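Text of the file structure32.csv, holding CSV, C-alpha atoms and all ligand atoms:
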```csv
chain,number,residue,atom,x,y,z
A,69,MET,CA,38.0,-29.6,-99.4
A,70,SER,CA,37.0,-30.6,-95.8
A,71,ASP,CA,33.4,-31.1,-94.8
A,72,VAL,CA,33.4,-27.8,-93.0
A,73,GLN,CA,34.7,-26.0,-96.2
A,74,LEU,CA,32.0,-27.8,-98.2
A,75,ALA,CA,29.4,-26.6,-95.8
A,76,GLY,CA,30.5,-23.0,-96.2
A,77,GLU,CA,30.6,-23.4,-100.0
A,78,LEU,CA,27.0,-24.8,-100.0
A,79,LEU,CA,25.6,-21.9,-98.0
A,80,ARG,CA,27.5,-19.2,-99.8
A,81,SER,CA,27.9,-20.2,-103.5
A,82,PRO,CA,25.6,-18.5,-106.0
A,83,GLU,CA,24.9,-21.9,-107.5
A,84,PHE,CA,22.7,-22.8,-104.5
A,85,ASN,CA,21.8,-19.3,-103.2
A,86,THR,CA,20.2,-17.4,-106.0
A,87,GLY,CA,16.5,-16.5,-106.2
A,88,ALA,CA,14.0,-17.2,-103.5
A,89,SER,CA,15.0,-18.9,-100.2
A,90,GLY,CA,13.0,-21.7,-98.7
A,91,PHE,CA,12.1,-19.8,-95.5
A,92,PHE,CA,8.7,-18.6,-96.7
A,93,ARG,CA,8.1,-21.8,-98.7
A,94,GLU,CA,6.1,-20.8,-101.9
A,95,LEU,CA,4.1,-18.1,-100.2
A,96,LEU,CA,5.8,-15.1,-101.7
A,97,PRO,CA,6.2,-14.3,-105.4
A,98,THR,CA,9.7,-12.9,-105.4
A,99,ARG,CA,13.0,-12.8,-103.5
A,100,ALA,CA,12.5,-9.1,-103.2
A,101,ALA,CA,9.2,-9.6,-101.3
A,102,GLN,CA,10.9,-12.2,-99.0
A,103,VAL,CA,13.6,-9.8,-98.2
A,104,ALA,CA,11.3,-6.8,-97.7
A,105,ILE,CA,9.0,-8.7,-95.3
A,106,GLY,CA,11.8,-10.3,-93.3
A,107,GLN,CA,13.4,-6.9,-92.8
A,108,ALA,CA,10.1,-5.2,-91.9
A,109,ALA,CA,9.4,-7.8,-89.3
A,110,ARG,CA,12.9,-7.6,-87.9
A,111,ASN,CA,12.8,-3.8,-87.8
A,112,PHE,CA,9.5,-3.8,-86.0
A,113,LEU,CA,10.8,-6.4,-83.5
A,114,ARG,CA,13.9,-4.3,-82.9
A,115,ALA,CA,11.8,-1.2,-82.1
A,116,GLY,CA,9.7,-3.4,-79.8
A,117,VAL,CA,12.5,-4.5,-77.5
A,118,PRO,CA,11.6,-2.0,-74.7
A,119,GLU,CA,8.0,-3.2,-74.9
A,120,TYR,CA,9.3,-6.8,-74.7
A,121,ARG,CA,11.3,-5.9,-71.6
A,122,ASP,CA,8.3,-4.5,-69.8
A,123,ALA,CA,6.0,-7.4,-70.6
A,124,LEU,CA,8.7,-9.8,-69.7
A,125,ALA,CA,9.0,-8.2,-66.2
A,126,GLY,CA,5.3,-8.8,-65.7
A,127,ALA,CA,5.7,-12.5,-66.8
A,128,LEU,CA,8.7,-12.9,-64.4
A,129,ALA,CA,6.7,-11.5,-61.5
A,130,ASP,CA,4.2,-14.3,-62.1
A,131,LEU,CA,6.8,-17.0,-62.4
A,132,PRO,CA,6.6,-19.6,-59.6
A,133,ALA,CA,9.7,-20.6,-57.8
A,134,VAL,CA,9.5,-24.1,-59.4
A,135,SER,CA,8.7,-24.2,-63.1
A,136,ARG,CA,8.8,-26.8,-65.9
A,137,TRP,CA,11.0,-26.1,-68.9
A,138,PRO,CA,11.3,-25.7,-71.9
A,139,ALA,CA,7.5,-24.8,-71.7
A,140,THR,CA,8.3,-21.9,-69.4
A,141,ALA,CA,10.8,-20.5,-71.8
A,142,SER,CA,8.1,-20.4,-74.5
A,143,GLU,CA,5.7,-18.8,-72.1
A,144,LEU,CA,8.1,-16.1,-71.1
A,145,VAL,CA,9.2,-15.3,-74.6
A,146,TYR,CA,5.7,-15.3,-75.9
A,147,ARG,CA,4.3,-13.1,-73.1
A,148,GLY,CA,7.1,-10.7,-73.9
A,149,LEU,CA,6.2,-10.7,-77.6
A,150,ALA,CA,2.4,-11.2,-77.7
A,151,ASN,CA,1.6,-7.4,-78.1
A,152,VAL,CA,4.4,-6.9,-80.5
A,153,LEU,CA,3.2,-9.7,-82.7
A,154,LEU,CA,-0.5,-8.7,-82.5
A,155,HIS,CA,-1.3,-5.4,-80.8
A,156,PRO,CA,-3.8,-5.4,-77.9
A,157,GLY,CA,-6.4,-3.6,-80.1
A,158,SER,CA,-6.6,-6.5,-82.6
A,159,SER,CA,-9.6,-8.7,-82.6
A,160,ALA,CA,-9.8,-11.1,-79.7
A,161,GLY,CA,-10.0,-14.2,-81.9
A,162,PRO,CA,-6.5,-14.3,-83.4
A,163,ARG,CA,-4.9,-13.2,-80.1
A,164,ARG,CA,-6.7,-16.0,-78.2
A,165,LEU,CA,-5.8,-18.6,-80.8
A,166,MET,CA,-2.2,-17.4,-80.8
A,167,ASP,CA,-2.1,-18.1,-77.0
A,168,GLU,CA,-3.6,-21.6,-77.6
A,169,ALA,CA,-1.1,-22.3,-80.5
A,170,LEU,CA,1.8,-21.7,-78.2
A,171,HIS,CA,1.3,-25.0,-76.3
A,172,GLY,CA,-1.1,-26.6,-78.8
A,173,GLY,CA,1.4,-28.3,-81.0
A,174,VAL,CA,1.5,-25.5,-83.6
A,175,MET,CA,5.0,-24.2,-82.5
A,176,PHE,CA,6.6,-27.7,-82.6
A,177,ARG,CA,5.4,-30.8,-84.3
A,178,PRO,CA,4.0,-33.0,-81.5
A,179,PRO,CA,5.0,-36.7,-81.3
A,180,HIS,CA,1.6,-38.4,-81.5
A,181,VAL,CA,-0.7,-38.6,-84.5
A,182,TRP,CA,-3.8,-37.5,-82.5
A,183,GLN,CA,-1.8,-34.4,-81.2
A,184,ARG,CA,-0.7,-33.6,-84.7
A,185,ALA,CA,-4.3,-33.8,-85.9
A,186,ARG,CA,-5.5,-31.5,-83.1
A,187,ALA,CA,-2.6,-29.1,-83.9
A,188,GLU,CA,-3.6,-29.0,-87.5
A,189,VAL,CA,-7.2,-28.0,-86.6
A,190,LEU,CA,-5.8,-25.3,-84.3
A,191,ARG,CA,-3.5,-24.1,-87.0
A,192,GLY,CA,-6.4,-23.9,-89.5
A,193,LYS,CA,-8.4,-21.8,-87.0
A,194,LEU,CA,-5.5,-19.5,-86.3
A,195,ILE,CA,-4.9,-19.0,-90.1
A,196,ALA,CA,-8.7,-18.3,-90.6
A,197,ALA,CA,-8.8,-15.8,-87.7
A,198,VAL,CA,-5.6,-13.9,-88.8
A,199,THR,CA,-7.0,-13.9,-92.4
A,200,GLU,CA,-10.1,-12.1,-91.1
A,201,GLU,CA,-7.9,-9.7,-89.2
A,202,VAL,CA,-5.9,-9.0,-92.4
A,203,ALA,CA,-9.1,-8.4,-94.4
A,204,SER,CA,-10.4,-5.9,-91.8
A,205,ARG,CA,-7.1,-4.1,-91.6
A,206,ARG,CA,-6.9,-3.8,-95.4
A,207,GLU,CA,-10.5,-2.4,-95.5
A,208,GLY,CA,-9.8,0.2,-92.8
A,209,PRO,CA,-7.6,3.4,-93.0
A,210,LEU,CA,-3.8,2.9,-93.2
A,211,GLU,CA,-2.5,2.9,-89.7
A,212,ARG,CA,1.0,3.4,-88.5
A,213,SER,CA,2.8,0.1,-87.9
A,214,ARG,CA,1.4,-1.2,-84.6
A,215,ASP,CA,2.6,-4.8,-84.7
A,216,VAL,CA,4.4,-7.4,-86.8
A,217,LEU,CA,1.2,-8.1,-88.8
A,218,ASP,CA,1.1,-4.4,-89.8
A,219,ALA,CA,4.8,-4.6,-90.7
A,220,VAL,CA,4.1,-7.6,-92.9
A,221,LEU,CA,1.1,-5.8,-94.5
A,222,GLY,CA,3.1,-2.7,-95.2
A,223,ALA,CA,5.9,-4.7,-96.9
A,224,CYS,CA,4.0,-7.4,-98.8
A,225,PRO,CA,2.8,-7.0,-102.4
A,226,ASP,CA,-0.8,-5.6,-102.5
A,227,ALA,CA,-2.0,-8.5,-104.6
A,228,LEU,CA,-1.1,-11.1,-102.0
A,229,ALA,CA,-4.2,-12.8,-100.8
A,230,ASP,CA,-5.4,-12.2,-97.2
A,231,ARG,CA,-4.9,-15.8,-96.4
A,232,THR,CA,-1.4,-15.9,-97.7
A,233,VAL,CA,-0.5,-12.8,-95.6
A,234,ALA,CA,-1.9,-14.8,-92.6
A,235,GLU,CA,0.3,-17.8,-93.5
A,236,VAL,CA,3.4,-15.5,-93.8
A,237,PHE,CA,2.6,-14.1,-90.4
A,238,LEU,CA,2.3,-17.6,-88.9
A,239,VAL,CA,5.7,-18.5,-90.4
A,240,LEU,CA,7.2,-15.5,-88.7
A,241,PHE,CA,5.4,-16.2,-85.4
A,242,ARG,CA,6.9,-19.7,-85.3
A,243,SER,CA,10.3,-18.8,-86.5
A,244,ILE,CA,10.7,-16.0,-83.9
A,245,VAL,CA,9.2,-17.6,-80.8
A,246,ALA,CA,10.4,-21.2,-81.3
A,247,PRO,CA,14.2,-20.7,-81.7
A,248,VAL,CA,14.4,-17.8,-79.2
A,249,SER,CA,12.6,-19.8,-76.5
A,250,SER,CA,14.5,-23.0,-77.2
A,251,THR,CA,17.8,-21.2,-77.1
A,252,LEU,CA,16.8,-19.5,-73.8
A,253,ALA,CA,16.0,-23.0,-72.4
A,254,TRP,CA,19.3,-24.4,-73.6
A,255,SER,CA,21.1,-21.5,-72.0
A,256,VAL,CA,19.5,-22.0,-68.6
A,257,LEU,CA,19.9,-25.8,-68.7
A,258,LEU,CA,23.5,-25.9,-69.9
A,259,THR,CA,24.7,-23.2,-67.6
A,260,CYS,CA,23.0,-24.7,-64.5
A,261,LEU,CA,24.6,-28.1,-65.3
A,262,HIS,CA,28.0,-26.6,-65.9
A,263,HIS,CA,27.9,-24.3,-62.9
A,264,PRO,CA,25.9,-26.1,-60.2
A,265,SER,CA,27.3,-23.9,-57.4
A,266,ASP,CA,25.2,-21.4,-55.4
A,267,SER,CA,27.4,-18.4,-56.5
A,268,PRO,CA,26.2,-16.1,-59.3
A,269,TRP,CA,27.0,-17.2,-62.9
A,270,PRO,CA,30.5,-16.0,-63.7
A,271,TRP,CA,29.7,-15.2,-67.4
A,272,PRO,CA,27.8,-12.4,-69.1
A,273,ALA,CA,24.5,-13.4,-70.7
A,274,THR,CA,25.9,-12.8,-74.2
A,275,TRP,CA,28.7,-15.4,-73.8
A,276,ILE,CA,26.2,-17.9,-72.4
A,277,VAL,CA,23.7,-17.5,-75.3
A,278,ARG,CA,26.4,-17.6,-77.9
A,279,GLU,CA,27.9,-20.8,-76.4
A,280,ALA,CA,24.4,-22.4,-76.0
A,281,MET,CA,23.8,-21.8,-79.7
A,282,ARG,CA,27.2,-23.3,-80.5
A,283,HIS,CA,26.8,-26.3,-78.3
A,284,ARG,CA,23.2,-27.0,-79.0
A,285,PRO,CA,22.1,-25.0,-82.1
A,286,MET,CA,18.3,-25.2,-82.2
A,287,VAL,CA,18.2,-25.2,-86.0
A,288,TRP,CA,19.5,-28.7,-86.7
A,289,MET,CA,19.8,-28.5,-90.5
A,290,VAL,CA,20.1,-25.7,-93.0
A,291,GLY,CA,19.2,-26.8,-96.5
A,292,ARG,CA,19.6,-25.7,-100.0
A,293,THR,CA,17.6,-27.1,-102.9
A,294,VAL,CA,19.4,-27.9,-106.1
A,295,VAL,CA,17.7,-26.0,-109.0
A,296,ARG,CA,19.6,-27.3,-112.0
A,297,PRO,CA,21.9,-30.4,-112.5
A,298,ALA,CA,25.0,-29.7,-110.4
A,299,GLU,CA,28.1,-31.4,-109.1
A,300,PHE,CA,29.0,-30.8,-105.5
A,301,GLY,CA,31.8,-32.3,-103.4
A,302,GLY,CA,32.5,-34.6,-106.4
A,303,LEU,CA,29.0,-36.0,-106.5
A,304,PRO,CA,26.2,-35.3,-109.1
A,305,PHE,CA,22.9,-33.8,-108.0
A,306,ARG,CA,19.6,-33.4,-109.8
A,307,PRO,CA,17.0,-30.5,-109.5
A,308,GLY,CA,14.9,-30.9,-106.4
A,309,ASP,CA,17.6,-32.6,-104.4
A,310,VAL,CA,18.2,-31.0,-101.0
A,311,LEU,CA,21.7,-30.6,-99.7
A,312,SER,CA,21.9,-29.9,-95.9
A,313,VAL,CA,24.5,-28.5,-93.5
A,314,SER,CA,24.3,-29.4,-89.8
A,315,PRO,CA,25.3,-26.5,-87.6
A,316,PHE,CA,25.7,-29.0,-84.8
A,317,LEU,CA,28.4,-30.9,-86.7
A,318,VAL,CA,30.1,-27.8,-87.9
A,319,HIS,CA,30.2,-26.4,-84.3
A,320,HIS,CA,31.7,-29.7,-83.0
A,321,ASP,CA,34.4,-30.1,-85.5
A,322,ARG,CA,37.6,-30.8,-83.7
A,323,HIS,CA,39.8,-29.3,-86.4
A,324,HIS,CA,38.2,-25.9,-85.9
A,325,TRP,CA,37.0,-25.7,-82.2
A,326,ALA,CA,39.0,-26.4,-79.1
A,327,ASP,CA,37.1,-28.8,-76.7
A,328,PRO,CA,34.0,-28.7,-78.9
A,329,ASP,CA,32.0,-31.1,-76.7
A,330,VAL,CA,32.5,-28.9,-73.6
A,331,PHE,CA,30.0,-26.1,-72.9
A,332,ARG,CA,32.5,-23.3,-72.1
A,333,PRO,CA,31.0,-19.7,-72.3
A,334,GLU,CA,34.4,-18.2,-71.6
A,335,ARG,CA,35.6,-19.2,-75.0
A,336,TRP,CA,33.7,-16.2,-76.3
A,337,ALA,CA,36.1,-13.9,-74.4
A,338,GLU,CA,39.3,-15.6,-75.6
A,339,SER,CA,41.4,-14.0,-78.3
A,340,GLY,CA,42.4,-16.0,-81.4
A,341,GLU,CA,40.4,-17.7,-84.1
A,342,ARG,CA,37.2,-19.5,-83.4
A,343,GLY,CA,35.7,-22.1,-85.7
A,344,PRO,CA,32.9,-21.6,-88.2
A,345,TYR,CA,29.7,-20.5,-86.4
A,346,ILE,CA,26.4,-20.9,-88.2
A,347,PRO,CA,23.4,-21.0,-85.7
A,348,PHE,CA,21.7,-18.4,-88.0
A,349,GLY,CA,22.8,-20.0,-91.2
A,350,ALA,CA,25.2,-18.2,-93.5
A,351,GLY,CA,25.5,-16.5,-96.9
A,352,PRO,CA,22.8,-14.6,-98.7
A,353,TYR,CA,20.0,-16.3,-96.8
A,354,THR,CA,21.4,-15.8,-93.3
A,355,CYS,CA,18.8,-15.1,-90.6
A,356,VAL,CA,17.7,-11.5,-90.9
A,357,GLY,CA,16.7,-11.5,-87.2
A,358,ALA,CA,20.0,-12.7,-85.8
A,359,SER,CA,21.0,-9.5,-83.9
A,360,VAL,CA,17.5,-8.8,-82.5
A,361,ALA,CA,17.2,-12.5,-81.5
A,362,LEU,CA,20.4,-12.1,-79.6
A,363,SER,CA,19.1,-9.0,-77.8
A,364,LEU,CA,15.8,-10.8,-76.8
A,365,MET,CA,17.7,-13.8,-75.5
A,366,THR,CA,20.3,-11.9,-73.5
A,367,GLU,CA,17.6,-9.5,-72.1
A,368,THR,CA,15.5,-12.5,-71.0
A,369,LEU,CA,18.4,-14.4,-69.4
A,370,THR,CA,19.6,-11.2,-67.6
A,371,ALA,CA,16.1,-10.5,-66.3
A,372,LEU,CA,15.7,-14.1,-65.2
A,373,THR,CA,18.9,-14.2,-63.2
A,374,ARG,CA,18.7,-10.6,-61.8
A,375,ASP,CA,18.6,-11.0,-58.0
A,376,ALA,CA,17.9,-14.7,-58.4
A,377,ARG,CA,19.7,-18.0,-58.5
A,378,LEU,CA,18.7,-20.8,-60.8
A,379,ALA,CA,19.2,-24.6,-60.3
A,380,VAL,CA,17.8,-27.5,-62.4
A,381,THR,CA,16.6,-31.0,-61.6
A,382,GLY,CA,15.7,-33.9,-63.8
A,383,ALA,CA,18.0,-32.5,-66.5
A,384,ASP,CA,19.3,-34.3,-69.5
A,385,ALA,CA,21.5,-32.4,-72.0
A,386,ARG,CA,20.6,-34.7,-74.9
A,387,PRO,CA,18.3,-32.9,-77.4
A,388,ALA,CA,14.8,-34.0,-78.4
A,389,MET,CA,14.3,-33.6,-82.1
A,390,VAL,CA,11.1,-31.8,-83.0
A,391,GLU,CA,11.8,-29.7,-86.2
A,392,GLY,CA,14.9,-28.6,-84.3
A,393,ALA,CA,16.9,-29.6,-81.3
A,394,VAL,CA,15.0,-28.6,-78.2
A,395,PRO,CA,15.8,-29.6,-74.6
A,396,ARG,CA,14.0,-32.4,-73.0
A,397,PRO,CA,11.7,-31.4,-70.1
A,398,PHE,CA,13.4,-30.3,-66.9
A,399,THR,CA,12.6,-28.4,-63.7
A,400,VAL,CA,14.0,-25.0,-62.7
A,401,LEU,CA,14.2,-23.8,-59.1
A,402,ARG,CA,14.5,-20.0,-59.0
A,403,THR,CA,15.4,-18.6,-55.7
A,404,LEU,CA,15.3,-14.9,-55.1
A,405,THR,CA,18.4,-13.5,-53.4
A,501,LIG,C1,17.6,-17.8,-81.8
A,501,LIG,C2,16.8,-17.3,-82.8
A,501,LIG,C3,16.8,-17.6,-84.2
A,501,LIG,C4,17.5,-18.6,-84.9
A,501,LIG,C5,18.4,-19.7,-84.3
A,501,LIG,C6,17.3,-18.4,-86.3
A,501,LIG,C7,17.8,-19.2,-87.3
A,501,LIG,C8,17.6,-19.0,-88.6
A,501,LIG,C9,18.2,-19.8,-89.7
A,501,LIG,C10,19.2,-21.0,-89.4
A,501,LIG,C11,17.8,-19.4,-90.9
A,501,LIG,C12,18.1,-19.9,-92.2
A,501,LIG,C13,19.4,-19.3,-92.7
A,501,LIG,C14,20.0,-19.9,-93.9
A,501,LIG,O1,19.3,-20.6,-94.7
A,501,LIG,O2,21.2,-19.8,-94.2
A,501,LIG,C15,16.9,-18.2,-90.6
A,501,LIG,C16,16.3,-17.5,-91.5
A,501,LIG,C17,15.4,-16.4,-91.3
A,501,LIG,N1,15.1,-15.9,-90.0
A,501,LIG,FE1,15.8,-16.6,-88.2
A,501,LIG,N2,16.4,-17.4,-86.5
A,501,LIG,C18,16.2,-16.8,-85.2
A,501,LIG,C19,15.4,-15.8,-85.0
A,501,LIG,C20,14.7,-15.0,-85.9
A,501,LIG,C21,14.0,-13.8,-85.6
A,501,LIG,C22,13.8,-13.1,-84.2
A,501,LIG,C23,13.5,-13.3,-86.8
A,501,LIG,C24,12.7,-12.0,-86.9
A,501,LIG,C25,12.4,-11.4,-88.0
A,501,LIG,C26,14.0,-14.2,-87.8
A,501,LIG,C27,13.7,-14.1,-89.2
A,501,LIG,C28,14.2,-14.9,-90.2
A,501,LIG,C29,14.0,-14.7,-91.6
A,501,LIG,C30,13.0,-13.7,-92.2
A,501,LIG,C31,14.7,-15.7,-92.3
A,501,LIG,C32,14.8,-15.9,-93.8
A,501,LIG,C33,16.0,-15.2,-94.4
A,501,LIG,C34,16.0,-15.3,-95.9
A,501,LIG,O3,15.6,-16.3,-96.5
A,501,LIG,O4,16.3,-14.3,-96.5
A,501,LIG,N3,14.7,-15.2,-87.3
A,501,LIG,N4,16.8,-18.1,-89.2
```
When written as structure tokens, how does the structure in this file appear?
Amino acid sequence: MSDVQLAGELLRSPEFNTGASGFFRELLPTRAAQVAIGQAARNFLRAGVPEYRDALAGALADLPAVSRWPATASELVYRGLANVLLHPGSSAGPRRLMDEALHGGVMFRPPHVWQRARAEVLRGKLIAAVTEEVASRREGPLERSRDVLDAVLGACPDALADRTVAEVFLVLFRSIVAPVSSTLAWSVLLTCLHHPSDSPWPWPATWIVREAMRHRPMVWMVGRTVVRPAEFGGLPFRPGDVLSVSPFLVHHDRHHWADPDVFRPERWAESGERGPYIPFGAGPYTCVGASVALSLMTETLTALTRDARLAVTGADARPAMVEGAVPRPFTVLRTLT
């Protein structure tokens, strides 16, 4: 079996894909609870796309002609999603702390110890504030779903502690905002480098986003934990061992992809077989938010380039590794046409 076949086998075989997934760590008691919460959050997000679009328009109106990325990508995505995550009638505390968390090292692990210590304090405060919000929502009358936190509350087991609900919410907050904004930043960076001319981009946003996720998948490793002694790829493994697949390597396999090292959005319009594509994982634990994530990213890229040209300076297409592959800082010049 080739490495790529082994990767597919690892992500799909019942041997490594039964029971709870690692996404919510040990927070939820059953696989059924994991699935219910993931789907509830995804459904709420999907219904919130029009609200995202409106809020994004406001954020873009405030965007200066020169901006620093990838921080700006996080800002745009977050401003689009803030009210969908926690509705505007929520207490001020968690909303303010969520704003601070965006750039305070909670979203991505910062490089320095002192930054990590500060981020840990901020994370603790955010969890405490969301825990209070959960407690007050649980005491009050049942409301229709107004935000992702309500969606989580509606889908989680009643016995789940308020603090655990808050931690589940934080997992979702990070897992939504971080990969969506990183992929947006990669899309802008790679397209500007590949198409430096002043003419409009010749590709639809969907091809660009798909190709950015192939060329620079934000999720660097997708892992499966061995639960009982097993043999895989001819090697023995013990319980607790973690086997990982690299979407990056799978997407750059020369036997399956033509010109894998070239960023080429037009490949998504070509007929014929493409290679294995796993930016959202694969098998029973595949990302439940894949299609809504694609909508958010293409919406944002389309809005960003509507009546505007983008150019980058200070760009370097090598990834920085911070719990995922994110672009190194670069500057975007956005000129309205
Ligand atoms: C570009 C954006 C995103 C990327 C690249 C991404 C990537 C991933 C990956 C690689 C996994 C693990 C899959 C596996 O183990 O095989 C995953 C799981 C998951 N993602 Fe996403 N994700 C994105 C956006 C979202 C969004 C918007 C949601 C919103 C609900 C979401 C919710 C989840 C959930 C709940 C799981 C756990 C699935 C399970 O264990 O059953 N993701 N995601």
Please measure the separation of CA of Val103 (chain A) and CA of Arg284 (chain A), giving the value in Å to one decimal. 27.5 Å
Show which residues sit within 12 Å of Met286 (chain A), as a PyMOL selection string. Count all atoms listed in the file, and ignore same-chain residues fewer than 6 positions away. chain A and resi 176+243+245-255+277-278+280+314-316+346-349+387-395
With distances taken over only C-alpha atoms and all ligand atoms, which of A:Trp182, A:Phe237, A:Tyr353, A:Trp325 is nearest to ligand LIG 501 (chain A)? A:Tyr353
Nearby polymer residues, ligand LIG 501 (chain A), at most 7 Å, only C-alpha atoms and all ligand atoms, as a ChimeraX atom specification: /A:79,89-91,102-103,106-107,109-110,113,240,243-244,247-248,251,285-287,290-291,347-358,360-362
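In terms of minimum interatomic distance to Tyr345 (chain A), A:Val72 ranks closest within A:Val72, A:Val198, A:Leu311, A:Ala219, counting all atoms listed in the file.
Shortest atom-to-atom contact with Ala160 (chain A) among A:Met281, A:Ala129, A:Ala197, A:Val256: A:Ala197, counting all atoms listed in the file.
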Enter the distance from CA of Arg396 (chain A) to CA of Arg282 (chain A), in Å, rounded to one decimal. 17.7 Å
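Minimum atom-to-atom distances from A:Ala326, A:Leu190, A:Leu401, A:Val236 to Ala376 (chain A) were compared using all atoms listed in the file, and the lowest value belongs to A:Leu401.
In this comparison, which uses all atoms listed in the file, the residue of A:His180, A:Leu404, A:Ala383, A:Leu364 approaching Ala133 (chain A) most closely is A:Leu404.
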Nearest-residue call for Thr98 (chain A), choices A:Leu369, A:Met175, A:Cys224, A:Gly76, using all atoms listed in the file: A:Cys224
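Here CA of Val152 (chain A) stands at a distance of 5.0 Å from CA of Asp215 (chain A).
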